[in-house]
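Colleague: Got coords_13.tsv for you, TSV, C-alpha atoms and all ligand atoms:
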```tsv
chain	number	residue	atom	x	y	z
A	182	MET	CA	12.44	-32.28	2.33
A	183	MET	CA	13.11	-28.75	3.59
A	184	SER	CA	10.42	-26.31	2.47
A	185	ILE	CA	11.23	-22.90	1.05
A	186	SER	CA	9.70	-19.72	2.42
A	187	SER	CA	10.51	-16.03	2.12
A	188	LYS	CA	12.20	-13.67	4.55
A	189	ILE	CA	12.01	-9.88	4.39
A	190	THR	CA	15.61	-8.66	4.44
A	191	GLY	CA	15.26	-4.98	3.45
A	192	TYR	CA	12.79	-2.12	3.71
A	193	GLY	CA	12.74	1.17	1.77
A	194	HIS	CA	10.47	4.10	1.03
A	195	CYS	CA	10.34	7.41	-0.81
A	196	VAL	CA	7.97	10.37	-1.02
A	197	PRO	CA	7.95	13.35	-3.41
A	198	SER	CA	9.55	16.56	-2.21
A	199	LYS	CA	6.36	18.68	-2.15
A	200	SER	CA	4.05	18.46	0.86
A	201	LEU	CA	0.52	19.85	0.58
A	202	THR	CA	-1.26	20.76	3.84
A	203	ASN	CA	-5.00	20.97	4.46
A	204	ASP	CA	-4.65	24.76	4.57
A	205	ASP	CA	-2.98	24.65	1.14
A	206	LEU	CA	-5.93	22.58	-0.12
A	207	SER	CA	-8.44	25.08	1.25
A	208	LYS	CA	-7.02	27.56	-1.26
A	209	ILE	CA	-7.84	25.18	-4.15
A	210	VAL	CA	-11.31	23.84	-3.16
A	211	ASP	CA	-14.02	24.78	-0.65
A	212	THR	CA	-12.71	22.84	2.37
A	213	ASN	CA	-10.89	23.39	5.64
A	214	ASP	CA	-8.41	21.70	7.97
A	215	GLU	CA	-11.10	20.99	10.58
A	216	TRP	CA	-13.36	19.08	8.15
A	217	ILE	CA	-10.52	17.07	6.62
A	218	SER	CA	-8.75	16.17	9.85
A	219	THR	CA	-11.86	15.18	11.80
A	220	ARG	CA	-13.39	13.14	8.92
A	221	THR	CA	-10.18	11.50	7.70
A	222	GLY	CA	-7.25	12.02	10.12
A	223	ILE	CA	-5.24	13.56	7.26
A	224	ARG	CA	-3.31	16.81	7.83
A	225	SER	CA	-0.93	16.82	4.87
A	226	ARG	CA	0.13	14.65	1.96
A	227	TYR	CA	3.06	14.50	-0.49
A	228	ILE	CA	2.33	15.34	-4.12
A	229	ALA	CA	4.55	14.46	-7.08
A	230	GLU	CA	5.29	17.51	-9.20
A	231	ASN	CA	8.43	16.43	-10.98
A	232	GLU	CA	8.57	12.75	-9.93
A	233	THR	CA	6.92	9.83	-11.74
A	234	THR	CA	5.73	6.59	-10.14
A	235	SER	CA	8.88	4.78	-11.31
A	236	ASP	CA	11.11	7.55	-9.87
A	237	LEU	CA	9.56	6.99	-6.43
A	238	ALA	CA	9.59	3.20	-6.86
A	239	ALA	CA	13.27	3.20	-7.89
A	240	LYS	CA	14.32	5.25	-4.85
A	241	ALA	CA	12.30	3.06	-2.45
A	242	ALA	CA	13.79	-0.05	-4.10
A	243	GLN	CA	17.35	1.28	-3.83
A	244	MET	CA	16.85	1.97	-0.13
A	245	ALA	CA	15.47	-1.56	0.40
A	246	LEU	CA	18.40	-3.11	-1.52
A	247	LYS	CA	20.91	-1.16	0.58
A	248	ASN	CA	19.06	-2.14	3.74
A	249	ALA	CA	19.19	-5.82	2.66
A	250	ASN	CA	22.85	-5.43	1.72
A	251	ILE	CA	22.37	-6.90	-1.75
A	252	SER	CA	22.80	-5.48	-5.23
A	253	ALA	CA	20.18	-4.91	-7.94
A	254	GLN	CA	22.20	-7.46	-9.93
A	255	ASP	CA	21.15	-10.17	-7.44
A	256	ILE	CA	17.41	-9.53	-7.96
A	257	ASP	CA	15.64	-12.24	-9.98
A	258	LEU	CA	12.02	-11.01	-9.69
A	259	LEU	CA	10.42	-7.55	-9.50
A	260	VAL	CA	6.72	-7.13	-8.71
A	261	LEU	CA	5.21	-3.65	-8.49
A	262	GLY	CA	1.71	-2.84	-7.24
A	263	THR	CA	0.38	0.31	-8.92
A	264	ILE	CA	-2.61	1.81	-10.73
A	265	THR	CA	-0.64	4.88	-11.82
A	266	PRO	CA	2.15	3.57	-14.09
A	267	ASP	CA	4.35	6.05	-15.99
A	268	TYR	CA	3.06	4.65	-19.28
A	269	THR	CA	0.18	2.46	-20.40
A	270	THR	CA	2.90	0.12	-21.60
A	271	PRO	CA	5.56	-1.04	-20.71
A	272	SER	CA	4.87	-1.65	-17.05
A	273	ALA	CA	6.13	0.67	-14.31
A	274	ALA	CA	7.98	-2.42	-13.03
A	275	LEU	CA	10.13	-2.49	-16.17
A	276	VAL	CA	10.76	1.26	-16.17
A	277	THR	CA	11.79	0.93	-12.50
A	278	ALA	CA	13.96	-2.11	-13.34
A	279	LYS	CA	15.82	-0.03	-15.94
A	280	LYS	CA	16.38	2.82	-13.46
A	281	ILE	CA	17.91	0.58	-10.81
A	282	GLY	CA	19.86	-1.76	-13.10
A	283	ILE	CA	18.02	-5.10	-12.95
A	284	LYS	CA	19.63	-7.84	-15.11
A	285	GLU	CA	18.35	-8.81	-18.55
A	286	GLY	CA	15.96	-11.76	-18.39
A	287	VAL	CA	14.59	-11.04	-14.92
A	288	PRO	CA	10.76	-11.05	-14.89
A	289	ALA	CA	9.20	-7.73	-13.85
A	290	PHE	CA	5.50	-6.91	-13.91
A	291	ASP	CA	2.84	-4.61	-12.44
A	292	VAL	CA	-0.04	-5.80	-10.33
A	293	SER	CA	-3.23	-3.73	-10.61
A	294	ALA	CA	-5.25	-4.15	-7.42
A	295	ALA	CA	-5.60	-0.50	-6.32
A	296	CYS	CA	-5.02	-0.04	-2.59
A	297	SER	CA	-4.49	-3.81	-2.22
A	298	GLY	CA	-1.65	-3.66	-4.76
A	299	PHE	CA	1.11	-4.32	-2.25
A	300	VAL	CA	-0.61	-7.24	-0.49
A	301	TYR	CA	-1.40	-8.74	-3.91
A	302	SER	CA	2.23	-8.21	-5.07
A	303	LEU	CA	3.62	-9.70	-1.87
A	304	THR	CA	1.37	-12.72	-2.38
A	305	MET	CA	2.66	-13.20	-5.97
A	306	ALA	CA	6.32	-12.88	-4.99
A	307	ASP	CA	6.03	-15.03	-1.87
A	308	ASN	CA	4.34	-17.81	-3.86
A	309	MET	CA	6.94	-17.65	-6.65
A	310	ILE	CA	9.68	-17.94	-4.04
A	311	ARG	CA	7.91	-20.88	-2.36
A	312	LEU	CA	7.70	-22.59	-5.79
A	313	GLY	CA	11.44	-22.10	-6.35
A	314	GLN	CA	10.90	-19.68	-9.27
A	315	ALA	CA	12.78	-16.80	-7.59
A	316	LYS	CA	15.31	-16.36	-4.80
A	317	ASN	CA	15.69	-12.59	-4.39
A	318	ALA	CA	12.59	-10.53	-5.12
A	319	LEU	CA	11.87	-6.83	-4.98
A	320	VAL	CA	8.26	-6.13	-4.04
A	321	ILE	CA	7.18	-2.52	-4.42
A	322	GLY	CA	4.01	-0.46	-3.97
A	323	ALA	CA	4.24	2.92	-5.72
A	324	GLU	CA	1.66	5.48	-6.76
A	325	THR	CA	1.16	9.01	-8.01
A	326	LEU	CA	-2.59	9.14	-7.38
A	327	SER	CA	-2.39	12.94	-7.60
A	328	LYS	CA	-2.26	12.43	-11.40
A	329	ILE	CA	-5.71	10.80	-11.47
A	330	THR	CA	-7.21	13.04	-8.76
A	331	ASP	CA	-9.88	15.55	-9.77
A	332	TRP	CA	-8.54	18.64	-8.03
A	333	SER	CA	-11.93	20.35	-8.32
A	334	ASP	CA	-13.75	17.58	-6.38
A	335	ARG	CA	-13.44	18.27	-2.64
A	336	GLY	CA	-15.03	14.89	-1.87
A	337	THR	CA	-11.98	13.02	-3.19
A	338	CYS	CA	-9.01	15.36	-3.65
A	339	VAL	CA	-8.44	15.76	0.09
A	340	LEU	CA	-7.88	12.01	0.54
A	341	PHE	CA	-4.96	11.03	-1.65
A	342	GLY	CA	-1.17	11.35	-1.66
A	343	ASP	CA	1.84	10.00	-3.53
A	344	GLY	CA	4.72	7.76	-2.46
A	345	ALA	CA	6.41	4.38	-2.63
A	346	GLY	CA	7.52	1.58	-0.35
A	347	ALA	CA	9.54	-1.54	-1.09
A	348	VAL	CA	10.77	-4.74	0.50
A	349	VAL	CA	13.40	-7.28	-0.50
A	350	LEU	CA	12.12	-10.85	-0.15
A	351	GLN	CA	14.70	-13.63	-0.07
A	352	ALA	CA	14.23	-17.38	-0.17
A	353	THR	CA	15.16	-19.27	2.96
A	354	GLU	CA	15.10	-22.92	4.02
A	355	ASN	CA	15.76	-21.90	7.58
A	356	GLU	CA	12.64	-22.73	9.56
A	357	ASP	CA	13.09	-20.01	12.16
A	358	GLU	CA	9.60	-18.78	11.37
A	359	THR	CA	10.53	-15.25	10.37
A	360	GLY	CA	9.40	-13.67	7.10
A	361	VAL	CA	6.09	-14.05	5.33
A	362	LEU	CA	4.00	-16.41	7.46
A	363	SER	CA	0.82	-16.18	5.40
A	364	THR	CA	-0.94	-14.29	2.62
A	365	LYS	CA	-4.54	-14.28	1.39
A	366	ILE	CA	-6.19	-12.13	-1.28
A	367	PHE	CA	-9.82	-11.56	-2.30
A	368	ALA	CA	-11.95	-9.57	-4.75
A	369	ALA	CA	-15.65	-8.81	-5.32
A	370	CYS	CA	-16.58	-7.74	-8.86
A	371	ASP	CA	-20.07	-6.48	-7.92
A	372	TYR	CA	-18.48	-3.23	-6.76
A	373	VAL	CA	-16.52	-2.20	-9.88
A	374	ASP	CA	-18.55	1.03	-10.15
A	375	ASN	CA	-18.35	2.13	-6.50
A	376	LEU	CA	-14.77	3.33	-6.77
A	377	ARG	CA	-13.19	3.76	-10.18
A	378	THR	CA	-11.76	6.25	-12.62
A	379	ASN	CA	-14.22	7.93	-14.98
A	380	GLY	CA	-12.13	6.90	-17.97
A	381	GLY	CA	-9.52	4.49	-19.21
A	382	VAL	CA	-7.58	3.34	-22.26
A	383	SER	CA	-10.35	1.35	-23.95
A	384	THR	CA	-13.22	3.64	-22.95
A	385	THR	CA	-12.20	7.29	-23.16
A	386	LYS	CA	-8.54	6.85	-24.23
A	387	GLN	CA	-7.66	8.96	-21.18
A	388	ALA	CA	-6.58	7.78	-17.75
A	389	GLY	CA	-9.63	9.43	-16.15
A	390	TYR	CA	-10.09	10.71	-12.60
A	391	ILE	CA	-11.08	8.90	-9.42
A	392	THR	CA	-14.79	8.88	-8.60
A	393	MET	CA	-16.33	7.06	-5.66
A	394	ASP	CA	-19.32	6.42	-3.49
A	395	GLY	CA	-17.51	7.37	-0.28
A	396	LYS	CA	-20.14	6.05	2.13
A	397	GLU	CA	-20.39	2.65	0.39
A	398	VAL	CA	-16.58	2.35	0.30
A	399	PHE	CA	-16.37	3.27	3.97
A	400	LYS	CA	-18.91	0.63	5.03
A	401	TYR	CA	-17.32	-2.11	2.96
A	402	ALA	CA	-13.77	-1.18	4.00
A	403	VAL	CA	-14.08	-1.89	7.71
A	404	ASN	CA	-15.52	-5.38	7.11
A	405	ALA	CA	-13.09	-6.20	4.30
A	406	LEU	CA	-10.02	-5.04	6.25
A	407	ALA	CA	-11.06	-7.19	9.20
A	408	ALA	CA	-11.86	-10.14	6.92
A	409	GLY	CA	-8.48	-9.96	5.13
A	410	ALA	CA	-6.68	-9.80	8.45
A	411	ASP	CA	-8.67	-12.68	9.93
A	412	ALA	CA	-8.02	-14.88	6.89
A	413	ALA	CA	-4.27	-14.27	7.03
A	414	LEU	CA	-4.20	-14.94	10.78
A	415	SER	CA	-6.11	-18.18	10.37
A	416	ILE	CA	-3.71	-19.47	7.66
A	417	ALA	CA	-0.76	-18.60	9.90
A	418	LYS	CA	-2.55	-20.42	12.77
A	419	LEU	CA	-2.28	-17.32	14.94
A	420	SER	CA	-4.78	-15.21	16.86
A	421	ALA	CA	-5.00	-11.43	17.27
A	422	ASP	CA	-3.31	-11.84	20.68
A	423	ASP	CA	-0.13	-13.11	18.95
A	424	VAL	CA	0.14	-9.93	16.86
A	425	ASP	CA	2.46	-7.09	17.93
A	426	TRP	CA	1.27	-4.60	15.30
A	427	LEU	CA	-1.76	-4.19	13.05
A	428	LEU	CA	-0.83	-2.31	9.87
A	429	PRO	CA	-4.02	-1.54	7.92
A	430	HIS	CA	-4.12	0.25	4.58
A	431	GLN	CA	-4.06	3.97	5.40
A	432	ALA	CA	-7.36	5.16	3.85
A	433	ASN	CA	-9.03	7.12	6.63
A	434	ILE	CA	-8.36	7.15	10.40
A	435	ARG	CA	-12.01	6.32	11.08
A	436	ILE	CA	-11.78	3.23	8.85
A	437	ILE	CA	-8.53	2.26	10.63
A	438	ASP	CA	-10.05	2.79	14.10
A	439	GLY	CA	-13.21	0.89	13.09
A	440	THR	CA	-11.14	-2.06	11.87
A	441	ALA	CA	-9.02	-2.13	15.02
A	442	GLN	CA	-12.12	-1.98	17.19
A	443	LYS	CA	-13.85	-4.75	15.21
A	444	MET	CA	-10.79	-6.97	15.64
A	445	GLY	CA	-10.21	-6.08	19.30
A	446	PHE	CA	-6.88	-4.27	18.81
A	447	ASP	CA	-5.93	-1.50	21.20
A	448	LYS	CA	-5.01	1.72	19.36
A	449	SER	CA	-1.47	1.48	20.77
A	450	LYS	CA	-0.92	-1.62	18.58
A	451	VAL	CA	-2.03	0.02	15.33
A	452	LEU	CA	0.59	1.52	13.01
A	453	THR	CA	-0.47	4.68	11.20
A	454	ASN	CA	1.13	7.39	9.08
A	455	ILE	CA	-2.06	8.73	7.49
A	456	ALA	CA	-1.77	12.17	9.14
A	457	ASN	CA	1.27	13.08	7.03
A	458	HIS	CA	0.68	10.97	3.92
A	459	GLY	CA	-3.04	10.57	3.22
A	460	ASN	CA	-4.10	7.54	1.20
A	461	THR	CA	-1.21	6.47	-1.03
A	462	SER	CA	-3.03	3.39	-2.37
A	463	ALA	CA	-0.62	0.50	-3.12
A	464	ALA	CA	2.22	2.41	-1.47
A	465	SER	CA	0.49	2.88	1.86
A	466	ILE	CA	1.43	-0.40	3.59
A	467	PRO	CA	5.09	-0.72	2.46
A	468	LEU	CA	5.68	3.01	3.03
A	469	ALA	CA	4.43	2.82	6.63
A	470	LEU	CA	6.19	-0.51	7.20
A	471	SER	CA	9.55	0.82	6.07
A	472	GLN	CA	9.16	3.99	8.15
A	473	LYS	CA	8.22	2.05	11.29
A	474	VAL	CA	11.00	-0.54	10.89
A	475	ASN	CA	13.60	2.13	10.14
A	476	ASP	CA	12.60	4.37	13.07
A	477	GLY	CA	12.77	1.39	15.46
A	478	THR	CA	9.04	1.23	16.31
A	479	VAL	CA	8.78	-2.24	14.77
A	480	LYS	CA	11.56	-4.51	16.03
A	481	LYS	CA	13.14	-7.81	15.06
A	482	GLY	CA	10.87	-10.68	16.07
A	483	ASP	CA	7.67	-8.59	15.98
A	484	ILE	CA	4.64	-10.08	14.26
A	485	VAL	CA	2.92	-7.56	11.97
A	486	LEU	CA	-0.54	-8.14	10.51
A	487	LEU	CA	-1.01	-6.33	7.18
A	488	THR	CA	-4.48	-5.78	5.76
A	489	SER	CA	-5.69	-3.85	2.73
A	490	MET	CA	-8.84	-2.91	0.85
A	491	GLY	CA	-9.23	-1.00	-2.39
A	492	ALA	CA	-11.06	-0.40	-5.64
A	493	GLY	CA	-12.50	-3.49	-7.28
A	494	PHE	CA	-13.24	-4.17	-4.52
A	495	THR	CA	-10.03	-5.96	-3.67
A	496	TRP	CA	-8.83	-6.89	-0.21
A	497	GLY	CA	-6.37	-9.17	1.50
A	498	GLY	CA	-4.08	-9.77	4.43
A	499	ALA	CA	-0.62	-11.04	5.27
A	500	VAL	CA	1.19	-11.98	8.45
A	501	ILE	CA	4.90	-11.19	8.55
A	502	LYS	CA	7.50	-11.76	11.25
A	503	ILE	CA	10.25	-9.14	11.19
B	1	LIG	N1	-14.49	19.70	2.85
B	1	LIG	C1	-15.63	20.21	3.38
B	1	LIG	N2	-16.83	19.63	3.22
B	1	LIG	C2	-16.87	18.50	2.49
B	1	LIG	C3	-15.74	17.94	1.90
B	1	LIG	C4	-14.51	18.58	2.10
B	1	LIG	N3	-13.35	18.12	1.60
B	1	LIG	N4	-16.10	16.82	1.23
B	1	LIG	C5	-17.43	16.68	1.40
B	1	LIG	N5	-17.89	17.70	2.14
B	1	LIG	C6	-19.27	17.96	2.56
B	1	LIG	C7	-20.28	17.29	1.67
B	1	LIG	O1	-20.57	18.09	0.55
B	1	LIG	C8	-21.46	17.16	2.59
B	1	LIG	O2	-22.12	18.39	2.65
B	1	LIG	P1	-23.72	18.45	2.64
B	1	LIG	O3	-24.14	17.74	3.91
B	1	LIG	O4	-24.01	19.90	2.65
B	1	LIG	O5	-24.15	17.74	1.41
B	1	LIG	C9	-20.83	16.90	3.95
B	1	LIG	O6	-19.47	17.37	3.85
B	1	LIG	C10	-20.82	15.44	4.35
B	1	LIG	O7	-20.31	14.70	3.27
B	1	LIG	P2	-20.25	13.15	3.32
B	1	LIG	O8	-19.79	12.63	2.00
B	1	LIG	O9	-21.54	12.64	3.88
B	1	LIG	O10	-19.11	12.93	4.42
B	1	LIG	P3	-18.65	11.59	5.08
B	1	LIG	O11	-18.76	11.71	6.54
B	1	LIG	O12	-19.24	10.39	4.41
B	1	LIG	O13	-17.10	11.58	4.75
B	1	LIG	C11	-15.45	10.64	3.29
B	1	LIG	C12	-16.66	11.56	3.41
B	1	LIG	C13	-14.35	11.17	4.17
B	1	LIG	C14	-14.99	10.64	1.84
B	1	LIG	C15	-15.86	9.23	3.75
B	1	LIG	O14	-17.04	8.82	3.13
B	1	LIG	C16	-14.78	8.24	3.48
B	1	LIG	O15	-13.70	8.31	4.01
B	1	LIG	N6	-15.06	7.19	2.67
B	1	LIG	C17	-14.09	6.22	2.31
B	1	LIG	C18	-13.47	6.66	1.05
B	1	LIG	C19	-12.06	6.18	0.87
B	1	LIG	O16	-11.31	5.99	1.80
B	1	LIG	N7	-11.71	6.04	-0.39
B	1	LIG	C20	-10.37	5.81	-0.71
B	1	LIG	C21	-10.14	4.71	-1.62
B	1	LIG	S1	-10.69	3.18	-1.02
B	1	LIG	C22	-9.73	2.74	0.15
B	1	LIG	O17	-8.62	3.18	0.21
B	1	LIG	C23	-10.25	1.79	1.12
```
Would you mind writing the file's structure down as structure tokens?
Modeller:
Amino acid sequence: MMSISSKITGYGHCVPSKSLTNDDLSKIVDTNDEWISTRTGIRSRYIAENETTSDLAAKAAQMALKNANISAQDIDLLVLGTITPDYTTPSAALVTAKKIGIKEGVPAFDVSAACSGFVYSLTMADNMIRLGQAKNALVIGAETLSKITDWSDRGTCVLFGDGAGAVVLQATENEDETGVLSTKIFAACDYVDNLRTNGGVSTTKQAGYITMDGKEVFKYAVNALAAGADAALSIAKLSADDVDWLLPHQANIRIIDGTAQKMGFDKSKVLTNIANHGNTSAASIPLALSQKVNDGTVKKGDIVLLTSMGAGFTWGGAVIKI
């Protein structure tokens, strides 16, 4: 019997219109471009003023649908990784579905896994396609972290940005080995307090603001990003030498460089967009992926190794062939 797998047939992304530079930030908190760029690799980030998470998600999704040459009416599954939904309920996935015209009856849901939200969402959609429960899925990572950023805390507010990225996943029985070759996700509940908001619906009845133990997150991140990548490679029966591009979650250039070094990747094989976007959480991987596919850096046939790590802690990896 032919087995079903999923192919990525479209890529899309969207960022808010306002860009905030390090110099702009230095007028809000006691910081400077030199500190931010040397410690994090970030020079500017996009901040949503008038856009919501679902606005960004809908635009990224529409670009991915156009790129895949299919209509929203053909979509039979929508999975959206986010920790900054427009409303506590319904999900940002459903608000996005309404904006782009998804058919009645089509399942749509959010996945809350912080910066691993896209890898988790991709894992859900890929598995549902493999089980025959969907044929044409939209998988989106979208965030407006600026809304849960404490703009008086220089230790965190310099790190985050807003944006969205999306892919169209379609079922295929064609064993040409393109598409999602493997996925693997993990979590460790011992670290729930190391990186979290200082409030929430059932505690303070407010969304809260991001607080973190930056050094602890940093240390854990390099190991977790490498572990997620290694696990996905092993399931795909591939080695680092088979990989054309490493695409790690864009948290901090030093975390990215540390991961690449730990895994033996030359810097020239590592995809980054952190300088102009900062850490966009669940949006970071699909946003960079769409940019790099659309600008021709990543080409048909390339093997891309995705790896993420975020609050929870959550982490995970995926191998895709373009
Ligand atoms: N501007 C200027 N000075 C600053 C700033 C700032 N924005 N922020 C902190 N400082 C100061 C501190 O107050 C401290 O001063 P002190 O020595 O007088 O006390 C000094 O700089 C050093 O601060 P550290 O916190 O020790 O700096 P560190 O080198 O650890 O870098 C950073 C901090 C960049 C946050 C780092 O720990 C980090 O990147 N951690 C990972 C966090 C992360 O990526 N979280 C995102 C979510 S999780 C994820 O996506 C994987």
Colleague: What are the centre and the three edge lengths of an axis-aligned box that wraps all atoms of ligand LIG 1 (chain B) in the file, given that 6 Å is added to every side, written as JSON and rounded to one decimal in Å?
Modeller:
```
{"center_x": -16.4, "center_y": 11.0, "center_z": 2.5, "size_x": 27.5, "size_y": 30.4, "size_z": 20.2}
```
Colleague: Could you list the protein, DNA and RNA residues that have any atom within 6 Å of ligand LIG 1 (chain B), counting all atoms listed in the file, and write them as a ChimeraX atom specification?
Modeller: /A:212-213,216-217,220-221,296,335-336,339,395-396,398-399,402,432-433,490-492
Colleague: Using only C-alpha atoms, which of the listed residues (A:Ile251, A:Gly298, A:Thr233, A:His430) sits closest to Ala273 of chain A?
Modeller: A:Thr233
Colleague: Here is a test: counting all atoms listed in the file, which residue of A:Leu275, A:Val500, A:Ile185, A:Ile256 is nearest to Ala352 of chain A?
Modeller: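 Once distances to Ala352 of chain A are computed over all atoms listed in the file, the minimum belongs to A:Ile185.
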Colleague: Which is closest to Gly346 of chain A among A:Val382, A:Leu246, A:Ala413, A:Ala306, if we use all atoms listed in the file?
Modeller: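 Closest to Gly346 of chain A of all the choices is A:Leu246.
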Colleague: Rounded to one decimal in Å, what is the spacing between atom CA of Ala463 of chain A and atom CA of Ser489 of chain A?
Modeller: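 Between atom CA of Ala463 of chain A and atom CA of Ser489 of chain A the gap works out to 8.9 Å.
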Colleague: Counting only C-alpha atoms, which residues come within 12 Å of (8.8, -5.5, 15.9), with the point read in the file's coordinates, and could you list them as an MDAnalysis selection string?
Modeller: chainID A and resid 359 424:428 450 452 470:471 473:486 501:503
Colleague: Between atom CA of Gly191 of chain A and atom CA of Val348 of chain A, measure the distance and give it in Å to one decimal.
Modeller: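 Atom CA of Gly191 of chain A sits 5.4 Å away from atom CA of Val348 of chain A.
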Colleague: At a cut-off of 7 Å from (-12.3, 7.7, -13.1) in the coordinates of the file, what residues are picked up using all atoms listed in the file, written as a ChimeraX atom specification?
Modeller: /A:377-380,389-392
Colleague: Go ahead and write the residues just picked, C-alpha atoms, as a PDB file, keeping the file's coordinate frame.
Modeller:
```pdb
ATOM      1  CA  ARG A 377     -13.190   3.760 -10.180  1.00  0.00           C
ATOM      2  CA  THR A 378     -11.760   6.250 -12.620  1.00  0.00           C
ATOM      3  CA  ASN A 379     -14.220   7.930 -14.980  1.00  0.00           C
ATOM      4  CA  GLY A 380     -12.130   6.900 -17.970  1.00  0.00           C
ATOM      5  CA  GLY A 389      -9.630   9.430 -16.150  1.00  0.00           C
ATOM      6  CA  TYR A 390     -10.090  10.710 -12.600  1.00  0.00           C
ATOM      7  CA  ILE A 391     -11.080   8.900  -9.420  1.00  0.00           C
ATOM      8  CA  THR A 392     -14.790   8.880  -8.600  1.00  0.00           C
TER       9      THR A 392
END
```
Colleague: Tell me, in Å to one decimal, how far atom CA of Val403 of chain A is from atom CA of Ile455 of chain A.
Modeller: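 So the answer is 16.0 Å.
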Colleague: When distances are computed from all atoms listed in the file, which of A:Glu397, A:Asp422, A:Glu324, A:Glu230 shows the smallest separation from Cys195 of chain A?
Modeller: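 Of A:Glu397, A:Asp422, A:Glu324, A:Glu230, the one nearest Cys195 of chain A, counting all atoms listed in the file, is A:Glu324.
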Colleague: So, with all atoms listed in the file as the atoms that count, which of A:Arg435, A:Asp374, A:Gly497, A:Ala407 lies closest to Asp394 of chain A?
Modeller: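 Of the candidates, the smallest distance to Asp394 of chain A is held by A:Asp374.
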Colleague: Using all atoms listed in the file, find the one residue out of A:Gln351, A:Ser235, A:Ser333, A:Ser225 that sits nearest to Asp205 of chain A.
Modeller: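 For Asp205 of chain A, the nearest of the given residues is A:Ser225.
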Colleague: Find the spatial neighbours of Asn308 of chain A, counting all atoms listed in the file, within a cut-off of 9 Å - ignore same-chain residues fewer than 6 positions away - and output them as a PyMOL selection string.
Modeller: chain A and resi 186-187+314
Colleague: Please provide the set of residues having any atom within 9 Å of Ser218 of chain A, restricted to all atoms listed in the file, with same-chain residues fewer than 5 positions apart removed, written as a ChimeraX atom specification.
Modeller: /A:203,213,223-224,456
Colleague: So that I can check the surroundings of Gly445 of chain A, please list as an MDAnalysis selection string every protein, DNA and RNA residue that reaches within 8 Å of it, counting all atoms listed in the file and ignoring chain neighbours fewer than 3 positions away.
Modeller: chainID A and resid 421 441:442
